[in-house]
>>> print(open('target.pdb').read())   # PDB, C-alpha atoms, pLDDT in the B column
ATOM      1  CA  MET A   1      -6.011 -14.909  -7.061  1.00 43.00           C
ATOM      2  CA  GLN A   2      -3.292 -14.550  -9.687  1.00 52.00           C
ATOM      3  CA  ASP A   3      -3.343 -11.294 -11.610  1.00 59.00           C
ATOM      4  CA  HIS A   4      -2.401 -12.923 -14.919  1.00 82.00           C
ATOM      5  CA  GLU A   5      -5.677 -14.854 -15.032  1.00 94.00           C
ATOM      6  CA  LEU A   6      -7.511 -11.766 -16.310  1.00 97.00           C
ATOM      7  CA  ALA A   7      -4.914 -10.883 -18.951  1.00 97.00           C
ATOM      8  CA  GLY A   8      -6.526 -10.793 -22.385  1.00 97.00           C
ATOM      9  CA  LYS A   9     -10.045 -11.267 -21.052  1.00 98.00           C
ATOM     10  CA  VAL A  10     -12.876  -8.978 -22.152  1.00 98.00           C
ATOM     11  CA  VAL A  11     -14.736  -7.231 -19.358  1.00 98.00           C
ATOM     12  CA  VAL A  12     -17.854  -5.079 -19.804  1.00 98.00           C
ATOM     13  CA  VAL A  13     -18.658  -2.596 -17.039  1.00 98.00           C
ATOM     14  CA  THR A  14     -21.849  -0.568 -17.263  1.00 98.00           C
ATOM     15  CA  GLY A  15     -21.674   2.767 -15.526  1.00 95.00           C
ATOM     16  CA  GLY A  16     -17.944   2.362 -15.997  1.00 94.00           C
ATOM     17  CA  SER A  17     -16.948   5.982 -16.533  1.00 94.00           C
ATOM     18  CA  ARG A  18     -17.196   7.158 -12.925  1.00 90.00           C
ATOM     19  CA  GLY A  19     -17.545   6.134  -9.300  1.00 90.00           C
ATOM     20  CA  MET A  20     -17.277   2.458  -8.438  1.00 91.00           C
ATOM     21  CA  GLY A  21     -17.494   1.500 -12.112  1.00 94.00           C
ATOM     22  CA  ARG A  22     -14.406   3.531 -12.952  1.00 95.00           C
ATOM     23  CA  GLU A  23     -12.471   1.859 -10.143  1.00 95.00           C
ATOM     24  CA  MET A  24     -13.503  -1.557 -11.458  1.00 96.00           C
ATOM     25  CA  VAL A  25     -12.443  -0.649 -15.001  1.00 97.00           C
ATOM     26  CA  ARG A  26      -9.027   0.476 -13.796  1.00 97.00           C
ATOM     27  CA  ALA A  27      -8.565  -2.661 -11.691  1.00 97.00           C
ATOM     28  CA  PHE A  28      -9.392  -4.982 -14.593  1.00 98.00           C
ATOM     29  CA  ALA A  29      -7.180  -3.012 -16.994  1.00 98.00           C
ATOM     30  CA  GLU A  30      -4.316  -3.043 -14.505  1.00 97.00           C
ATOM     31  CA  ARG A  31      -4.486  -6.841 -14.601  1.00 97.00           C
ATOM     32  CA  GLY A  32      -4.344  -6.949 -18.392  1.00 97.00           C
ATOM     33  CA  ALA A  33      -8.029  -7.257 -19.271  1.00 98.00           C
ATOM     34  CA  HIS A  34      -9.540  -5.456 -22.243  1.00 98.00           C
ATOM     35  CA  VAL A  35     -12.374  -3.287 -20.990  1.00 98.00           C
ATOM     36  CA  VAL A  36     -15.650  -1.995 -22.362  1.00 98.00           C
ATOM     37  CA  ILE A  37     -16.725   1.221 -20.670  1.00 98.00           C
ATOM     38  CA  ALA A  38     -20.447   1.637 -21.206  1.00 98.00           C
ATOM     39  CA  SER A  39     -22.332   4.609 -19.839  1.00 96.00           C
ATOM     40  CA  ARG A  40     -24.819   7.284 -20.814  1.00 94.00           C
ATOM     41  CA  LYS A  41     -22.338  10.044 -21.710  1.00 94.00           C
ATOM     42  CA  LEU A  42     -20.043   8.926 -24.498  1.00 96.00           C
ATOM     43  CA  GLU A  43     -17.494  11.669 -23.846  1.00 96.00           C
ATOM     44  CA  ASN A  44     -16.971  10.420 -20.290  1.00 96.00           C
ATOM     45  CA  CYS A  45     -16.524   6.863 -21.573  1.00 97.00           C
ATOM     46  CA  GLU A  46     -13.997   8.047 -24.145  1.00 97.00           C
ATOM     47  CA  ALA A  47     -11.998   9.925 -21.508  1.00 96.00           C
ATOM     48  CA  ALA A  48     -11.911   6.880 -19.228  1.00 96.00           C
ATOM     49  CA  ALA A  49     -10.952   4.629 -22.154  1.00 97.00           C
ATOM     50  CA  GLU A  50      -8.049   6.864 -23.153  1.00 97.00           C
ATOM     51  CA  GLU A  51      -6.867   6.892 -19.556  1.00 96.00           C
ATOM     52  CA  VAL A  52      -6.646   3.103 -19.243  1.00 97.00           C
ATOM     53  CA  ARG A  53      -5.163   2.657 -22.714  1.00 97.00           C
ATOM     54  CA  SER A  54      -2.306   5.015 -21.982  1.00 97.00           C
ATOM     55  CA  GLU A  55      -1.739   3.755 -18.453  1.00 97.00           C
ATOM     56  CA  TYR A  56      -2.112  -0.006 -18.918  1.00 97.00           C
ATOM     57  CA  GLY A  57      -1.736  -0.641 -22.647  1.00 96.00           C
ATOM     58  CA  VAL A  58      -4.961  -2.642 -23.002  1.00 97.00           C
ATOM     59  CA  ARG A  59      -7.813  -2.251 -25.445  1.00 97.00           C
ATOM     60  CA  ALA A  60     -10.602  -0.057 -24.159  1.00 98.00           C
ATOM     61  CA  LEU A  61     -13.885   0.331 -25.993  1.00 98.00           C
ATOM     62  CA  PRO A  62     -16.096   3.291 -25.018  1.00 98.00           C
ATOM     63  CA  VAL A  63     -19.805   2.861 -25.725  1.00 98.00           C
ATOM     64  CA  GLY A  64     -22.449   5.455 -25.011  1.00 97.00           C
ATOM     65  CA  PHE A  65     -25.719   3.767 -24.099  1.00 95.00           C
ATOM     66  CA  ASN A  66     -28.750   4.072 -21.871  1.00 96.00           C
ATOM     67  CA  VAL A  67     -29.152   0.918 -19.800  1.00 96.00           C
ATOM     68  CA  SER A  68     -32.877   1.562 -19.418  1.00 96.00           C
ATOM     69  CA  SER A  69     -33.305   1.225 -23.200  1.00 97.00           C
ATOM     70  CA  TRP A  70     -33.936  -2.320 -24.447  1.00 97.00           C
ATOM     71  CA  ASP A  71     -32.626  -1.362 -27.887  1.00 97.00           C
ATOM     72  CA  ASP A  72     -29.494   0.235 -26.432  1.00 98.00           C
ATOM     73  CA  CYS A  73     -28.756  -2.956 -24.495  1.00 98.00           C
ATOM     74  CA  ASP A  74     -29.031  -4.923 -27.738  1.00 98.00           C
ATOM     75  CA  ARG A  75     -26.777  -2.413 -29.503  1.00 98.00           C
ATOM     76  CA  LEU A  76     -24.161  -2.551 -26.738  1.00 98.00           C
ATOM     77  CA  VAL A  77     -23.908  -6.330 -26.925  1.00 98.00           C
ATOM     78  CA  GLU A  78     -23.712  -6.369 -30.722  1.00 98.00           C
ATOM     79  CA  THR A  79     -21.037  -3.646 -30.647  1.00 98.00           C
ATOM     80  CA  VAL A  80     -18.892  -5.501 -28.142  1.00 98.00           C
ATOM     81  CA  TYR A  81     -19.038  -8.849 -29.905  1.00 98.00           C
ATOM     82  CA  ALA A  82     -18.396  -7.238 -33.290  1.00 98.00           C
ATOM     83  CA  ASP A  83     -15.347  -5.354 -31.992  1.00 97.00           C
ATOM     84  CA  LEU A  84     -13.859  -7.694 -29.378  1.00 98.00           C
ATOM     85  CA  GLY A  85     -15.396 -11.061 -30.275  1.00 97.00           C
ATOM     86  CA  THR A  86     -16.434 -12.184 -26.802  1.00 98.00           C
ATOM     87  CA  VAL A  87     -17.348 -11.209 -23.253  1.00 98.00           C
ATOM     88  CA  ASP A  88     -15.718 -13.019 -20.351  1.00 98.00           C
ATOM     89  CA  VAL A  89     -17.045 -10.833 -17.535  1.00 98.00           C
ATOM     90  CA  LEU A  90     -20.137  -8.627 -17.411  1.00 98.00           C
ATOM     91  CA  VAL A  91     -20.530  -6.211 -14.512  1.00 98.00           C
ATOM     92  CA  ASN A  92     -24.004  -4.695 -14.245  1.00 98.00           C
ATOM     93  CA  ASN A  93     -22.957  -1.660 -12.242  1.00 96.00           C
ATOM     94  CA  ALA A  94     -25.067   1.190 -13.642  1.00 94.00           C
ATOM     95  CA  GLY A  95     -27.750   2.291 -11.202  1.00 90.00           C
ATOM     96  CA  LEU A  96     -29.825   5.259 -10.155  1.00 88.00           C
ATOM     97  CA  SER A  97     -31.898   6.255  -7.146  1.00 87.00           C
ATOM     98  CA  PRO A  98     -33.465   9.691  -7.768  1.00 86.00           C
ATOM     99  CA  LEU A  99     -34.356  11.775  -4.740  1.00 83.00           C
ATOM    100  CA  TYR A 100     -37.961  12.609  -3.913  1.00 89.00           C
ATOM    101  CA  SER A 101     -39.514  14.664  -1.147  1.00 88.00           C
ATOM    102  CA  SER A 102     -42.227  12.182  -0.153  1.00 93.00           C
ATOM    103  CA  LEU A 103     -43.604   8.854  -1.292  1.00 95.00           C
ATOM    104  CA  THR A 104     -46.739  10.490  -2.698  1.00 96.00           C
ATOM    105  CA  ASP A 105     -44.480  12.654  -4.857  1.00 95.00           C
ATOM    106  CA  VAL A 106     -43.055   9.598  -6.626  1.00 96.00           C
ATOM    107  CA  THR A 107     -44.447   9.893 -10.134  1.00 96.00           C
ATOM    108  CA  GLU A 108     -45.210   7.045 -12.480  1.00 97.00           C
ATOM    109  CA  ALA A 109     -42.420   8.262 -14.741  1.00 96.00           C
ATOM    110  CA  LEU A 110     -39.874   8.265 -11.903  1.00 96.00           C
ATOM    111  CA  PHE A 111     -40.927   4.802 -10.737  1.00 96.00           C
ATOM    112  CA  ASP A 112     -40.711   3.376 -14.249  1.00 97.00           C
ATOM    113  CA  LYS A 113     -37.320   5.032 -14.820  1.00 96.00           C
ATOM    114  CA  VAL A 114     -35.868   3.502 -11.659  1.00 96.00           C
ATOM    115  CA  VAL A 115     -37.149   0.017 -12.484  1.00 97.00           C
ATOM    116  CA  ALA A 116     -35.991   0.233 -16.098  1.00 97.00           C
ATOM    117  CA  LEU A 117     -32.481   1.328 -15.204  1.00 96.00           C
ATOM    118  CA  ASN A 118     -31.874  -0.899 -12.184  1.00 97.00           C
ATOM    119  CA  LEU A 119     -33.757  -4.023 -13.265  1.00 97.00           C
ATOM    120  CA  ARG A 120     -34.991  -4.162 -16.853  1.00 97.00           C
ATOM    121  CA  GLY A 121     -31.654  -3.238 -18.436  1.00 97.00           C
ATOM    122  CA  PRO A 122     -29.585  -5.688 -16.378  1.00 98.00           C
ATOM    123  CA  PHE A 123     -32.121  -8.411 -17.198  1.00 98.00           C
ATOM    124  CA  ARG A 124     -31.695  -7.824 -20.923  1.00 98.00           C
ATOM    125  CA  LEU A 125     -27.904  -7.697 -20.734  1.00 98.00           C
ATOM    126  CA  MET A 126     -27.733 -10.872 -18.641  1.00 98.00           C
ATOM    127  CA  ALA A 127     -29.982 -12.673 -21.109  1.00 98.00           C
ATOM    128  CA  LEU A 128     -28.018 -11.622 -24.187  1.00 98.00           C
ATOM    129  CA  VAL A 129     -24.513 -12.031 -22.779  1.00 98.00           C
ATOM    130  CA  GLY A 130     -25.303 -15.041 -20.602  1.00 98.00           C
ATOM    131  CA  GLU A 131     -26.696 -17.016 -23.524  1.00 98.00           C
ATOM    132  CA  ARG A 132     -23.550 -16.415 -25.564  1.00 98.00           C
ATOM    133  CA  MET A 133     -21.308 -17.214 -22.604  1.00 98.00           C
ATOM    134  CA  ALA A 134     -23.149 -20.483 -21.996  1.00 98.00           C
ATOM    135  CA  ALA A 135     -22.800 -21.474 -25.648  1.00 97.00           C
ATOM    136  CA  GLY A 136     -19.115 -20.558 -25.667  1.00 97.00           C
ATOM    137  CA  ASP A 137     -16.333 -20.616 -23.112  1.00 96.00           C
ATOM    138  CA  GLY A 138     -18.447 -19.596 -20.127  1.00 98.00           C
ATOM    139  CA  GLY A 139     -17.953 -16.514 -17.998  1.00 98.00           C
ATOM    140  CA  SER A 140     -18.923 -14.529 -14.959  1.00 98.00           C
ATOM    141  CA  ILE A 141     -21.758 -12.054 -14.515  1.00 98.00           C
ATOM    142  CA  ILE A 142     -21.593  -9.720 -11.524  1.00 98.00           C
ATOM    143  CA  ASN A 143     -24.556  -7.607 -10.507  1.00 98.00           C
ATOM    144  CA  ILE A 144     -24.030  -4.638  -8.219  1.00 96.00           C
ATOM    145  CA  GLY A 145     -26.931  -4.746  -5.800  1.00 95.00           C
ATOM    146  CA  SER A 146     -27.658  -2.695  -2.725  1.00 92.00           C
ATOM    147  CA  ILE A 147     -28.192  -3.001   0.996  1.00 91.00           C
ATOM    148  CA  GLU A 148     -31.497  -1.275   0.240  1.00 91.00           C
ATOM    149  CA  ALA A 149     -32.725  -4.636  -1.048  1.00 94.00           C
ATOM    150  CA  ILE A 150     -32.864  -6.004   2.512  1.00 93.00           C
ATOM    151  CA  ARG A 151     -32.809  -2.797   4.584  1.00 91.00           C
ATOM    152  CA  PRO A 152     -35.154  -0.511   2.576  1.00 92.00           C
ATOM    153  CA  THR A 153     -35.350   3.123   3.617  1.00 88.00           C
ATOM    154  CA  PRO A 154     -38.231   5.517   2.891  1.00 89.00           C
ATOM    155  CA  HIS A 155     -36.117   7.776   0.668  1.00 86.00           C
ATOM    156  CA  ALA A 156     -35.305   4.991  -1.841  1.00 90.00           C
ATOM    157  CA  LEU A 157     -38.203   2.524  -1.995  1.00 96.00           C
ATOM    158  CA  PRO A 158     -38.523   2.138  -5.799  1.00 96.00           C
ATOM    159  CA  TYR A 159     -34.766   1.599  -5.977  1.00 95.00           C
ATOM    160  CA  ALA A 160     -34.866  -0.863  -3.082  1.00 96.00           C
ATOM    161  CA  ALA A 161     -37.596  -2.885  -4.784  1.00 97.00           C
ATOM    162  CA  ALA A 162     -35.690  -2.965  -8.071  1.00 97.00           C
ATOM    163  CA  LYS A 163     -32.478  -4.085  -6.353  1.00 96.00           C
ATOM    164  CA  ALA A 164     -34.325  -6.814  -4.427  1.00 97.00           C
ATOM    165  CA  ALA A 165     -35.628  -8.075  -7.765  1.00 97.00           C
ATOM    166  CA  LEU A 166     -32.108  -7.904  -9.226  1.00 97.00           C
ATOM    167  CA  HIS A 167     -30.905 -10.174  -6.431  1.00 94.00           C
ATOM    168  CA  THR A 168     -33.635 -12.633  -7.439  1.00 95.00           C
ATOM    169  CA  LEU A 169     -32.590 -12.454 -11.082  1.00 97.00           C
ATOM    170  CA  SER A 170     -29.005 -13.257 -10.157  1.00 97.00           C
ATOM    171  CA  GLU A 171     -30.003 -16.548  -8.615  1.00 96.00           C
ATOM    172  CA  GLY A 172     -32.390 -17.336 -11.459  1.00 98.00           C
ATOM    173  CA  PHE A 173     -29.828 -16.616 -14.154  1.00 98.00           C
ATOM    174  CA  SER A 174     -27.235 -18.701 -12.321  1.00 98.00           C
ATOM    175  CA  ARG A 175     -29.559 -21.656 -12.772  1.00 98.00           C
ATOM    176  CA  ALA A 176     -30.509 -20.752 -16.332  1.00 98.00           C
ATOM    177  CA  TYR A 177     -26.941 -20.540 -17.623  1.00 98.00           C
ATOM    178  CA  GLY A 178     -25.009 -22.757 -15.238  1.00 97.00           C
ATOM    179  CA  PRO A 179     -22.718 -24.577 -15.067  1.00 97.00           C
ATOM    180  CA  ARG A 180     -20.692 -22.599 -17.620  1.00 98.00           C
ATOM    181  CA  VAL A 181     -21.789 -19.170 -16.396  1.00 98.00           C
ATOM    182  CA  ARG A 182     -21.603 -17.972 -12.809  1.00 98.00           C
ATOM    183  CA  VAL A 183     -23.910 -15.144 -11.732  1.00 98.00           C
ATOM    184  CA  ASN A 184     -23.472 -13.357  -8.416  1.00 98.00           C
ATOM    185  CA  THR A 185     -24.473 -10.174  -6.622  1.00 97.00           C
ATOM    186  CA  VAL A 186     -22.345  -7.688  -4.723  1.00 97.00           C
ATOM    187  CA  GLN A 187     -24.703  -6.149  -2.173  1.00 93.00           C
ATOM    188  CA  ALA A 188     -23.152  -2.721  -1.826  1.00 87.00           C
ATOM    189  CA  GLY A 189     -23.634  -0.356   1.067  1.00 81.00           C
ATOM    190  CA  ALA A 190     -23.185   3.405   1.059  1.00 77.00           C
ATOM    191  CA  PHE A 191     -20.228   4.461  -1.071  1.00 72.00           C
ATOM    192  CA  LEU A 192     -18.900   7.982  -1.461  1.00 72.00           C
ATOM    193  CA  THR A 193     -19.168   8.397  -5.216  1.00 68.00           C
ATOM    194  CA  ASP A 194     -20.004  11.642  -6.986  1.00 61.00           C
ATOM    195  CA  ILE A 195     -23.680  10.802  -6.484  1.00 61.00           C
ATOM    196  CA  SER A 196     -23.232  11.105  -2.730  1.00 51.00           C
ATOM    197  CA  GLU A 197     -22.413  14.787  -3.202  1.00 57.00           C
ATOM    198  CA  ASN A 198     -26.130  15.361  -3.791  1.00 58.00           C
ATOM    199  CA  TRP A 199     -27.371  13.474  -0.737  1.00 57.00           C
ATOM    200  CA  PRO A 200     -29.721  15.483   1.493  1.00 57.00           C
ATOM    201  CA  ASP A 201     -28.200  17.124   4.557  1.00 59.00           C
ATOM    202  CA  GLY A 202     -27.587  14.629   7.315  1.00 62.00           C
ATOM    203  CA  LEU A 203     -28.044  11.499   5.172  1.00 63.00           C
ATOM    204  CA  ARG A 204     -24.368  10.526   5.263  1.00 62.00           C
ATOM    205  CA  GLN A 205     -24.255  10.865   9.046  1.00 63.00           C
ATOM    206  CA  GLU A 206     -27.458   8.842   9.327  1.00 66.00           C
ATOM    207  CA  MET A 207     -25.982   6.067   7.213  1.00 64.00           C
ATOM    208  CA  GLU A 208     -22.675   5.996   9.060  1.00 64.00           C
ATOM    209  CA  GLN A 209     -24.503   5.462  12.342  1.00 66.00           C
ATOM    210  CA  LYS A 210     -25.920   2.224  10.908  1.00 77.00           C
ATOM    211  CA  VAL A 211     -22.552   0.815   9.854  1.00 78.00           C
ATOM    212  CA  ALA A 212     -20.338  -1.301  12.105  1.00 77.00           C
ATOM    213  CA  LEU A 213     -17.233   0.273  10.557  1.00 80.00           C
ATOM    214  CA  GLY A 214     -18.643   3.709  11.262  1.00 76.00           C
ATOM    215  CA  ARG A 215     -18.115   5.165   7.797  1.00 81.00           C
ATOM    216  CA  CYS A 216     -19.213   5.038   4.189  1.00 72.00           C
ATOM    217  CA  GLY A 217     -17.072   3.185   1.687  1.00 79.00           C
ATOM    218  CA  ALA A 218     -14.554   4.534  -0.798  1.00 85.00           C
ATOM    219  CA  PRO A 219     -15.299   3.448  -4.401  1.00 87.00           C
ATOM    220  CA  ALA A 220     -12.096   1.407  -4.627  1.00 89.00           C
ATOM    221  CA  GLU A 221     -13.222  -0.759  -1.706  1.00 91.00           C
ATOM    222  CA  VAL A 222     -15.657  -2.676  -3.912  1.00 92.00           C
ATOM    223  CA  VAL A 223     -12.873  -3.815  -6.248  1.00 94.00           C
ATOM    224  CA  GLY A 224     -11.559  -6.788  -4.269  1.00 95.00           C
ATOM    225  CA  THR A 225     -14.926  -8.537  -4.195  1.00 96.00           C
ATOM    226  CA  VAL A 226     -15.571  -7.878  -7.884  1.00 98.00           C
ATOM    227  CA  LEU A 227     -12.175  -9.310  -8.839  1.00 97.00           C
ATOM    228  CA  TYR A 228     -12.843 -12.350  -6.660  1.00 97.00           C
ATOM    229  CA  LEU A 229     -16.144 -13.017  -8.427  1.00 98.00           C
ATOM    230  CA  ALA A 230     -14.608 -12.463 -11.862  1.00 98.00           C
ATOM    231  CA  THR A 231     -11.940 -15.147 -11.472  1.00 97.00           C
ATOM    232  CA  SER A 232     -11.478 -18.796 -10.576  1.00 96.00           C
ATOM    233  CA  ALA A 233     -10.944 -17.746  -6.962  1.00 96.00           C
ATOM    234  CA  SER A 234     -14.756 -17.960  -6.784  1.00 97.00           C
ATOM    235  CA  SER A 235     -15.107 -21.053  -8.983  1.00 97.00           C
ATOM    236  CA  TYR A 236     -17.639 -22.678  -6.631  1.00 98.00           C
ATOM    237  CA  THR A 237     -19.650 -19.523  -6.012  1.00 98.00           C
ATOM    238  CA  THR A 238     -22.788 -18.760  -8.016  1.00 98.00           C
ATOM    239  CA  GLY A 239     -26.228 -17.408  -7.217  1.00 97.00           C
ATOM    240  CA  ALA A 240     -24.663 -15.770  -4.168  1.00 97.00           C
ATOM    241  CA  VAL A 241     -25.139 -12.374  -2.557  1.00 96.00           C
ATOM    242  CA  ILE A 242     -21.973 -10.994  -0.993  1.00 95.00           C
ATOM    243  CA  ARG A 243     -22.368  -8.024   1.324  1.00 94.00           C
ATOM    244  CA  VAL A 244     -19.857  -5.189   0.938  1.00 90.00           C
ATOM    245  CA  ASP A 245     -21.535  -2.677   3.217  1.00 88.00           C
ATOM    246  CA  GLY A 246     -19.263  -2.051   6.170  1.00 82.00           C
ATOM    247  CA  GLY A 247     -21.492  -4.116   8.449  1.00 76.00           C
ATOM    248  CA  TRP A 248     -24.811  -2.374   7.902  1.00 73.00           C
ATOM    249  CA  GLN A 249     -27.104  -3.043  10.846  1.00 73.00           C
TER     250      GLN A 249
END
>>> encode(input="target.pdb", output="structure tokens")
Amino acid sequence: MQDHELAGKVVVVTGGSRGMGREMVRAFAERGAHVVIASRKLENCEAAAEEVRSEYGVRALPVGFNVSSWDDCDRLVETVYADLGTVDVLVNNAGLSPLYSSLTDVTEALFDKVVALNLRGPFRLMALVGERMAAGDGGSIINIGSIEAIRPTPHALPYAAAKAALHTLSEGFSRAYGPRVRVNTVQAGAFLTDISENWPDGLRQEMEQKVALGRCGAPAEVVGTVLYLATSASSYTTGAVIRVDGGWQ
């Protein structure tokens, strides 16, 4: 993959102000792409945008939005196209898996929140951006999935179900908007983002025992696969699920 291929492209990363999303934003900006950092807290997006502008000299558009809101998804897309004119790469990275003490304690509100954030929002963004990509110069859509989709654990079942459905959407959208738009899934394992700081005692150790590499991932370790899927290096790859999970058993 040649770095210059991304120069001048417009890349939207949801959940782009922290964790894996922040590492993706920095990687795209380092290669000359203009980035849209979309996340719930506008001040965090603005801080991340200023960082990449000063460090890499690219355009960086911060947008505060709630991915679980249908209207916010519409507003994000309209804002990006009005300001930057196009989207070449969309990364649906924002996700959430709230903790609960038992399955009977999962409320209707919690279940709906998890599905809205991990499934409904990405669906709307893929539909809006994918349609414009297909009518224009094409593009790449990358969904950040989860090992939970195929190895569901009791502490994250609503999230696991939503991510399994997201994997299905990736393949469906690849057919809907191909051949000009490629849609793929990165099936992520356990990564040590700020969210992991709130894991219950012993959960990290439990996860690491299931991984062939014997450890959880660093956020930057997702970047290589995302860059691959964003460029012509993956020109014959669509509707695919690529595992980046350290060899989860």
>>> closest_atom_pairs(input="target.pdb", of="region 20-56 of chain A", to="region 142-147 of chain A", cutoff="12 Å", atoms="all atoms listed in the file", output="Markdown table")
| residue | atom | partner | partner_atom | distance |
| --- | --- | --- | --- | --- |
| A:Met20 | CA | A:Ile144 | CA | 9.8 |
| A:Gly21 | CA | A:Ile144 | CA | 9.8 |
| A:Met24 | CA | A:Ile144 | CA | 11.4 |
>>> resolve_selection(input="target.pdb", expression="the PyMOL selection byres ((chain A and resi 246) around 7)", output="NGL selection string")
:A and (189 or 211-213 or 244-245 or 247-248)
>>> residues_near_point(input="target.pdb", point="(-27.1, -20.9, -21.2)", cutoff="6 Å", atoms="only C-alpha atoms", output="number ranges by chain")
A: 131, 134, 176-177
>>> resolve_selection(input="target.pdb", expression="the PyMOL selection byres ((chain A and resi 116) around 12)", output="ChimeraX atom specification")
/A:66-70,73,94-97,109-115,117-124,158-159,161-163,165-166
>>> residues_around(input="target.pdb", residues="Asp137 (chain A)", least_positions_apart="6", cutoff="10 Å", atoms="all atoms listed in the file", output="number ranges by chain")
A: 86-88, 180-181
>>> closest_residue(input="target.pdb", among="A:Gln249, A:Ser17, A:Ser234, A:Thr153", to="Asn93 (chain A)", atoms="all atoms listed in the file")
A:Ser17
>>> resolve_selection(input="target.pdb", expression="the PyMOL selection byres ((chain A and resi 62) around 7)", output="list of chain:residue names")
A:Val36, A:Ile37, A:Ala38, A:Leu42, A:Cys45, A:Glu46, A:Ala49, A:Ala60, A:Leu61, A:Val63, A:Gly64
>>> closest_residue(input="target.pdb", among="A:Arg151, A:Arg31, A:Arg53, A:Arg18", to="Ala164 (chain A)", atoms="only C-alpha atoms")
A:Arg151
>>> residues_around(input="target.pdb", residues="Leu84 (chain A)", least_positions_apart="2", cutoff="12 Å", atoms="all atoms listed in the file", output="list in words")
Gly8, Lys9, Val10, Val11, Val12, Ala33, His34, Val35, Val36, Arg59, Ala60, Leu61, Leu76, Val77, Glu78, Thr79, Val80, Tyr81, Ala82, Thr86, Val87 and Asp88 of chain A
>>> write_last_selection(input="target.pdb", atoms="C-alpha atoms", output="mmCIF file, in the coordinates of the input")
data_model
loop_
_atom_site.group_PDB
_atom_site.id
_atom_site.type_symbol
_atom_site.label_atom_id
_atom_site.label_comp_id
_atom_site.auth_asym_id
_atom_site.auth_seq_id
_atom_site.Cartn_x
_atom_site.Cartn_y
_atom_site.Cartn_z
ATOM 1 C CA GLY A 8 -6.526 -10.793 -22.385
ATOM 2 C CA LYS A 9 -10.045 -11.267 -21.052
ATOM 3 C CA VAL A 10 -12.876 -8.978 -22.152
ATOM 4 C CA VAL A 11 -14.736 -7.231 -19.358
ATOM 5 C CA VAL A 12 -17.854 -5.079 -19.804
ATOM 6 C CA ALA A 33 -8.029 -7.257 -19.271
ATOM 7 C CA HIS A 34 -9.540 -5.456 -22.243
ATOM 8 C CA VAL A 35 -12.374 -3.287 -20.990
ATOM 9 C CA VAL A 36 -15.650 -1.995 -22.362
ATOM 10 C CA ARG A 59 -7.813 -2.251 -25.445
ATOM 11 C CA ALA A 60 -10.602 -0.057 -24.159
ATOM 12 C CA LEU A 61 -13.885 0.331 -25.993
ATOM 13 C CA LEU A 76 -24.161 -2.551 -26.738
ATOM 14 C CA VAL A 77 -23.908 -6.330 -26.925
ATOM 15 C CA GLU A 78 -23.712 -6.369 -30.722
ATOM 16 C CA THR A 79 -21.037 -3.646 -30.647
ATOM 17 C CA VAL A 80 -18.892 -5.501 -28.142
ATOM 18 C CA TYR A 81 -19.038 -8.849 -29.905
ATOM 19 C CA ALA A 82 -18.396 -7.238 -33.290
ATOM 20 C CA THR A 86 -16.434 -12.184 -26.802
ATOM 21 C CA VAL A 87 -17.348 -11.209 -23.253
ATOM 22 C CA ASP A 88 -15.718 -13.019 -20.351
#
>>> residues_near_point(input="target.pdb", point="(-18.3, 7.1, -1.9)", cutoff="6 Å", atoms="all atoms listed in the file", output="list in words")
Phe191, Leu192, Thr193, Gly217, Ala218 and Pro219 of chain A
>>> decode(input="target.pdb", residues="region 218-230 of chain A", atoms="C-alpha atoms", output="tab-separated table (two decimals), in the first residue's frame")
chain	number	residue	atom	x	y	z
A	218	ALA	CA	-3.27	-2.05	21.80
A	219	PRO	CA	-5.57	0.42	19.98
A	220	ALA	CA	-2.96	1.12	17.30
A	221	GLU	CA	-2.94	-2.55	16.30
A	222	VAL	CA	-6.24	-2.20	14.45
A	223	VAL	CA	-4.83	0.47	12.14
A	224	GLY	CA	-3.07	-1.75	9.59
A	225	THR	CA	-6.24	-3.66	8.72
A	226	VAL	CA	-8.32	-0.49	8.49
A	227	LEU	CA	-5.80	1.12	6.13
A	228	TYR	CA	-5.75	-2.03	4.02
A	229	LEU	CA	-9.54	-1.96	3.65
A	230	ALA	CA	-9.56	1.77	2.90
